[in-house]
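What's in protein.txt: compact mmCIF, C-alpha atoms
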```
# COMPACT_ATOMS: atom_id res chain seq x y z
CA MET B 1 4.22 17.94 90.94
CA PRO B 2 3.70 16.70 94.52
CA ASN B 3 6.27 14.52 96.20
CA PRO B 4 5.11 10.99 96.98
CA LEU B 5 4.84 10.11 100.68
CA VAL B 6 4.29 6.40 101.27
CA VAL B 7 2.74 5.72 104.68
CA ASP B 8 2.31 2.54 106.65
CA SER B 9 -0.89 1.24 108.26
CA LEU B 10 0.20 2.33 111.73
CA ILE B 11 0.44 5.98 110.68
CA LEU B 12 -3.15 5.91 109.43
CA ILE B 13 -4.49 4.04 112.46
CA PHE B 14 -2.51 6.20 114.90
CA PHE B 15 -3.71 9.54 113.51
CA ASP B 16 -7.24 8.23 113.08
CA ARG B 17 -7.46 7.15 116.71
CA LYS B 18 -6.19 10.56 117.78
CA GLY B 19 -8.97 12.09 115.65
CA LYS B 20 -6.35 13.83 113.52
CA LEU B 21 -6.23 11.77 110.34
CA GLU B 22 -7.84 14.33 108.05
CA ASP B 23 -5.75 17.16 109.54
CA PHE B 24 -2.59 15.11 108.99
CA LEU B 25 -3.50 14.30 105.39
CA ARG B 26 -4.48 17.89 104.56
CA GLN B 27 -1.29 19.19 106.18
CA LYS B 28 0.80 16.85 104.01
CA MET B 29 -1.14 18.00 100.96
CA LYS B 30 -0.31 21.63 101.84
CA GLU B 31 3.34 20.64 102.15
CA ASN B 32 3.09 19.39 98.55
CA TYR B 33 3.07 15.69 99.42
CA GLU B 34 0.84 13.08 97.85
CA VAL B 35 0.11 10.41 100.46
CA LYS B 36 0.26 6.98 98.88
CA VAL B 37 -0.46 3.48 100.14
CA PRO B 38 -0.23 0.09 98.44
CA LYS B 39 -3.42 -1.98 98.16
CA ALA B 40 -2.17 -4.28 100.94
CA ILE B 41 -2.35 -1.38 103.40
CA VAL B 42 -6.00 -0.75 102.49
CA GLN B 43 -6.63 -4.39 103.19
CA GLU B 44 -5.05 -4.02 106.65
CA VAL B 45 -6.82 -0.82 107.68
CA VAL B 46 -10.20 -1.17 105.94
CA ASP B 47 -10.99 -4.68 104.69
CA GLU B 48 -9.60 -6.75 107.60
CA PRO B 49 -11.09 -4.52 110.32
CA ILE B 50 -14.53 -4.77 108.66
CA GLY B 51 -14.18 -8.57 108.57
CA PHE B 52 -13.05 -8.60 112.21
CA ALA B 53 -16.00 -6.39 113.20
CA GLU B 54 -18.39 -8.85 111.56
CA GLU B 55 -16.92 -11.69 113.63
CA ILE B 56 -17.36 -9.91 116.96
CA ARG B 57 -20.59 -8.02 116.15
CA GLU B 58 -22.70 -9.96 118.68
CA ILE B 59 -20.35 -9.84 121.62
CA ALA B 60 -18.61 -6.48 121.38
CA PRO B 61 -20.96 -3.93 119.81
CA GLU B 62 -19.08 -0.92 121.20
CA ALA B 63 -15.72 -2.13 119.84
CA VAL B 64 -17.45 -2.92 116.53
CA ARG B 65 -18.78 0.63 116.31
CA LYS B 66 -15.28 2.09 116.87
CA ILE B 67 -13.71 -0.27 114.33
CA LEU B 68 -16.30 0.45 111.64
CA ASP B 69 -16.10 4.21 112.27
CA SER B 70 -12.33 4.09 111.90
CA ALA B 71 -12.42 1.94 108.75
CA GLY B 72 -15.11 4.27 107.35
CA ARG B 73 -13.03 7.38 107.98
CA ILE B 74 -9.98 5.91 106.27
CA ASP B 75 -12.10 4.71 103.37
CA ARG B 76 -13.62 8.21 103.01
CA ALA B 77 -10.14 9.75 102.96
CA ILE B 78 -9.33 7.40 100.08
CA GLN B 79 -12.57 8.33 98.24
CA GLN B 80 -11.80 12.04 98.77
CA GLY B 81 -8.38 11.62 97.20
CA LEU B 82 -6.51 12.45 100.42
CA ILE B 83 -4.90 9.00 100.22
CA HIS B 84 -3.92 7.50 96.88
CA VAL B 85 -4.04 3.74 96.52
CA GLU B 86 -1.59 2.52 93.93
CA THR B 87 1.30 0.25 93.20
CA VAL B 88 4.26 1.75 94.98
CA ASN B 89 7.60 1.63 93.24
CA TYR B 90 9.94 1.56 96.20
CA MET N 1 -15.34 -17.32 131.01
CA SER N 2 -16.54 -15.63 127.78
CA ALA N 3 -20.21 -15.05 126.98
CA ASP N 4 -20.00 -17.54 124.12
CA ASN N 5 -18.53 -20.20 126.40
CA THR N 6 -21.07 -19.51 129.15
CA VAL N 7 -23.96 -19.93 126.71
CA SER N 8 -22.45 -23.13 125.26
CA ILE N 9 -22.04 -24.70 128.68
CA LEU N 10 -25.51 -23.62 129.76
CA LYS N 11 -26.91 -25.25 126.62
CA ALA N 12 -24.97 -28.43 127.34
CA LEU N 13 -26.19 -28.54 130.91
CA GLY N 14 -29.76 -27.87 129.74
CA ASN N 15 -29.77 -31.34 128.18
CA PRO N 16 -29.86 -33.90 131.03
CA ASN N 17 -28.22 -36.59 128.86
CA LYS N 18 -25.25 -34.35 128.12
CA ALA N 19 -25.07 -33.27 131.76
CA LYS N 20 -24.97 -36.99 132.75
CA ILE N 21 -22.03 -37.53 130.40
CA ILE N 22 -20.11 -34.71 132.11
CA ALA N 23 -20.96 -36.14 135.54
CA HIS N 24 -19.93 -39.63 134.40
CA LEU N 25 -16.60 -38.33 133.07
CA ALA N 26 -15.95 -36.47 136.30
CA ARG N 27 -16.03 -39.85 138.08
CA HIS N 28 -14.55 -42.01 135.30
CA LYS N 29 -11.65 -40.02 133.88
CA GLY N 30 -10.36 -41.23 130.53
CA GLU N 31 -13.52 -43.13 129.57
CA THR N 32 -14.09 -44.14 125.93
CA ALA N 33 -17.25 -43.27 123.95
CA GLU N 34 -18.19 -46.96 124.01
CA GLY N 35 -17.76 -47.04 127.80
CA ILE N 36 -19.95 -43.97 128.21
CA GLY N 37 -22.66 -45.44 125.95
CA LYS N 38 -22.59 -48.76 127.80
CA HIS N 39 -22.71 -47.18 131.24
CA LEU N 40 -25.42 -44.61 130.49
CA GLY N 41 -27.40 -46.73 128.03
CA TYR N 42 -27.13 -44.31 125.08
CA PRO N 43 -26.68 -45.47 121.46
CA LEU N 44 -23.10 -44.93 120.29
CA PRO N 45 -23.94 -42.42 117.49
CA THR N 46 -25.79 -40.32 120.09
CA VAL N 47 -22.81 -40.48 122.43
CA TYR N 48 -20.49 -39.29 119.64
CA LYS N 49 -22.88 -36.47 118.75
CA TYR N 50 -23.10 -35.33 122.38
CA LEU N 51 -19.33 -35.59 122.84
CA ARG N 52 -18.69 -33.46 119.74
CA GLU N 53 -21.07 -30.79 121.07
CA LEU N 54 -19.62 -30.95 124.57
CA GLU N 55 -16.08 -30.64 123.25
CA ALA N 56 -17.09 -27.62 121.17
CA ALA N 57 -18.52 -26.07 124.33
CA ARG N 58 -15.26 -26.92 126.14
CA ALA N 59 -17.30 -28.85 128.70
CA VAL N 60 -15.44 -32.05 127.75
CA GLU N 61 -11.86 -32.68 126.62
CA SER N 62 -10.38 -35.67 124.84
CA GLU N 63 -7.06 -37.17 123.89
CA ALA N 64 -5.90 -39.99 121.66
CA LYS N 65 -4.82 -43.16 123.46
CA GLY N 66 -3.49 -45.75 121.05
CA ASN N 67 -6.18 -46.34 118.45
CA THR N 68 -8.95 -44.96 120.56
CA ARG N 69 -9.98 -41.62 122.02
CA VAL N 70 -10.61 -41.09 125.71
CA TYR N 71 -12.65 -38.33 127.31
CA PHE N 72 -12.43 -36.16 130.41
CA ALA N 73 -14.75 -33.63 132.01
CA GLY N 74 -13.62 -30.11 131.15
CA ASP N 75 -12.16 -27.92 133.85
CA PHE N 76 -14.97 -25.39 134.10
CA LYS N 77 -16.84 -23.73 136.91
CA LEU N 78 -20.11 -22.06 136.16
CA GLU N 79 -21.73 -19.77 138.72
CA VAL N 80 -25.15 -18.67 137.53
CA SER N 81 -26.86 -15.65 139.00
CA PRO N 82 -28.41 -12.59 137.39
CA GLU N 83 -25.25 -10.62 138.22
CA LYS N 84 -23.00 -13.29 136.69
CA LEU N 85 -25.12 -13.33 133.53
CA VAL N 86 -24.83 -9.54 133.24
CA GLU N 87 -21.07 -9.93 133.66
CA ALA N 88 -20.95 -12.67 130.99
CA PHE N 89 -22.85 -10.61 128.46
CA GLU N 90 -21.43 -7.17 129.19
CA GLU N 91 -19.41 -5.35 126.58
CA GLN N 92 -16.23 -7.19 125.71
CA THR N 93 -13.04 -5.34 124.86
CA ILE N 94 -10.73 -6.61 122.14
CA MET N 95 -8.37 -7.64 124.96
CA ASP N 96 -11.21 -9.67 126.58
CA LEU N 97 -11.87 -11.38 123.26
CA TYR N 98 -8.17 -12.16 122.81
CA ARG N 99 -8.00 -13.57 126.38
CA GLY N 100 -11.10 -15.66 125.71
CA ARG N 101 -9.59 -17.13 122.55
CA PHE N 102 -6.02 -17.73 123.70
CA GLY N 103 -6.22 -17.96 127.53
CA ASP N 104 -3.42 -17.25 129.99
CA ALA N 105 -0.78 -18.77 127.70
CA GLY N 106 -1.85 -16.36 124.96
CA MET N 107 -1.66 -13.39 127.34
CA LYS N 108 1.86 -14.41 128.32
CA LYS N 109 2.84 -14.66 124.66
CA LEU N 110 1.27 -11.26 123.99
CA ARG N 111 3.35 -9.67 126.74
CA GLU N 112 6.53 -11.27 125.38
CA VAL N 113 5.83 -10.24 121.82
CA THR N 114 4.88 -6.69 122.86
CA ALA N 115 8.17 -6.35 124.74
CA LYS N 116 10.04 -7.43 121.59
CA VAL N 117 8.13 -4.89 119.50
CA LYS N 118 8.87 -2.12 122.00
CA SER N 119 12.57 -2.94 122.00
CA GLY N 120 12.62 -2.96 118.19
CA LYS N 121 13.41 -6.68 117.92
CA MET N 122 10.17 -7.47 116.12
CA THR N 123 7.90 -5.62 113.70
CA PHE N 124 4.16 -5.19 114.25
CA ARG N 125 3.46 -7.58 111.39
CA GLN N 126 5.84 -10.22 112.75
CA ALA N 127 4.18 -9.86 116.15
CA ALA N 128 0.68 -10.28 114.72
CA SER N 129 1.78 -13.31 112.74
CA THR N 130 3.47 -14.86 115.81
CA LEU N 131 0.25 -14.42 117.80
CA GLY N 132 -1.97 -15.74 114.99
CA ILE N 133 -4.02 -12.54 114.75
CA THR N 134 -4.36 -9.80 112.14
CA TYR N 135 -2.18 -6.69 112.11
CA TYR N 136 -5.25 -4.60 112.97
CA GLU N 137 -6.10 -6.77 115.98
CA PHE N 138 -2.55 -6.47 117.27
CA VAL N 139 -2.55 -2.67 116.89
CA SER N 140 -5.96 -2.55 118.61
CA LEU N 141 -4.63 -4.60 121.53
CA LEU N 142 -1.66 -2.24 121.93
CA ASP N 143 -4.01 0.73 121.72
CA GLU N 144 -6.30 -0.67 124.43
CA ALA N 145 -3.25 -1.32 126.61
CA GLY N 146 -2.13 2.29 126.09
CA ALA N 147 1.07 1.09 124.45
CA LEU N 148 0.58 3.19 121.31
CA ASP N 149 0.85 6.39 123.32
CA ALA N 150 4.32 5.55 124.55
```
Take the structure in the file and give it back as structure tokens.
Amino acid sequence: MPNPLVVDSLILIFFDRKGKLEDFLRQKMKENYEVKVPKAIVQEVVDEPIGFAEEIREIAPEAVRKILDSAGRIDRAIQQGLIHVETVNY
Amino acid sequence: MSADNTVSILKALGNPNKAKIIAHLARHKGETAEGIGKHLGYPLPTVYKYLRELEAARAVESEAKGNTRVYFAGDFKLEVSPEKLVEAFEEQTIMDLYRGRFGDAGMKKLREVTAKVKSGKMTFRQAASTLGITYYEFVSLLDEAGALDA
């Protein structure tokens, strides 16, 4: 039974921007951790960035590309089961 | 000046009637809509429509004075050349967008809030809330400033 590891938005954003998110998540999996985030964190690192990207699409296409790539990578990690989204009982 | 603002002011100046309102307000500071209409010979509903558009473009400012509203020419300077247009429309960073939205006062507040975050007196979420931006925007600003590497 893996140990739960609850991470904050900054951890996900930080490792993603370093290009090491998947490595970090797989390493934690090897160490028998299950990385968990509450739904609110998904909102902060996927939903809100996508909304923000929509707002600035016309004036900052390069920033938009980076934001959508990052949100996409985090979303894929969720779909692949590397991050579990659930109610966290602190 | 942001690309959005440049385009808005160019549009305003492209309409001679709106441009005349700005010129009138530059000479008659604190004029009312009625005064503008009377002086320039425009119907009042048209004056209000133009003033709303000019305020949105930040080409005109207003303030309440008693029961009425008075208008002033905005403090803008527009230099148009091909190079300036390239500059206006070139890629904006998230920091540029923040500066465009909140101005120098916002930049000062950002520096203060960032210092508090760095010293552990404020969380990232508190900082974002104080600045009126999302958590993600705040983290992106810190990242662009290289503050996440520290």
Can you tell me which residues surround stretch 74-83 of chain N at a distance of at most 12 Å, considering all atoms listed in the file, apart from same-chain residues fewer than 2 positions away, and format the answer as JSON, numbers by chain? {"N": [1, 2, 3, 5, 6, 7, 8, 9, 10, 12, 13, 19, 21, 22, 23, 24, 25, 26, 29, 30, 51, 54, 55, 56, 57, 58, 59, 60, 61, 62, 71, 72, 85, 86, 87, 88, 89, 90]}
Can you build me a table of chain B residues sitting at most 10 Å from chain N, with the closest atom pair per residue and its distance in Å to one decimal, using only C-alpha atoms, sorted by chain and residue number, as a tab-separated table?
```
residue	atom	partner	partner_atom	distance
B:Ser9	CA	N:Tyr136	CA	8.7
B:Leu10	CA	N:Val139	CA	7.7
B:Ile13	CA	N:Val139	CA	8.3
B:Phe14	CA	N:Leu148	CA	7.7
B:Arg17	CA	N:Asp143	CA	8.8
B:Lys18	CA	N:Asp149	CA	9.9
B:Gln43	CA	N:Tyr136	CA	9.9
B:Glu44	CA	N:Tyr136	CA	6.3
B:Val45	CA	N:Tyr136	CA	6.7
B:Val46	CA	N:Tyr136	CA	9.3
B:Glu48	CA	N:Tyr136	CA	7.2
B:Pro49	CA	N:Tyr136	CA	6.4
B:Phe52	CA	N:Glu137	CA	8.1
B:Ile56	CA	N:Leu97	CA	8.5
B:Glu58	CA	N:Asp4	CA	9.7
B:Ile59	CA	N:Gln92	CA	6.4
B:Ala60	CA	N:Gln92	CA	5.0
B:Pro61	CA	N:Glu91	CA	7.1
B:Glu62	CA	N:Glu91	CA	7.0
B:Ala63	CA	N:Thr93	CA	6.5
B:Val64	CA	N:Ile94	CA	9.5
B:Ile67	CA	N:Ser140	CA	9.1
```
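Of the listed residues (B:Ala40, B:Ile11, B:Leu21, B:Met1), B:Leu21 comes nearest to B:Leu82; the distances count all atoms listed in the file.
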Measure the distance from atom CA of B:Val85 to atom CA of B:Val37 in Å and round it to one decimal. 5.1 Å
Please report the interatomic distance between atom CA of N:Lys49 and atom CA of N:Asn67 in Å with one decimal. 19.4 Å
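Minimum distance to N:Tyr50 across N:Asn17, N:Glu34, N:Val70, N:Arg27 (counting all atoms listed in the file) occurs at N:Asn17.
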So which residues touch B:Arg26 within 12 Å, counting only C-alpha atoms, skipping near sequence neighbours fewer than 4 positions away, as number ranges by chain? B: 20-22, 30-35, 77, 80-83
Separation of atom CA of N:Leu141 from atom CA of N:Tyr98, in Å and rounded to one decimal: 8.4 Å
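With only C-alpha atoms as the basis for measurement, N:Thr32 is the residue among N:Ser129, N:Thr32, N:Tyr48, N:Gly146 that approaches N:Lys65 most closely.
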Enclose all atoms of stretch 45-49 of chain B listed in the file in an axis-aligned box, grow every side by 3 Å, and hand back centre and edge lengths in Å to one decimal, as AutoDock Vina command-line options.
```
--center_x -9.0 --center_y -3.8 --center_z 107.5 --size_x 10.3 --size_y 11.9 --size_z 11.6
```
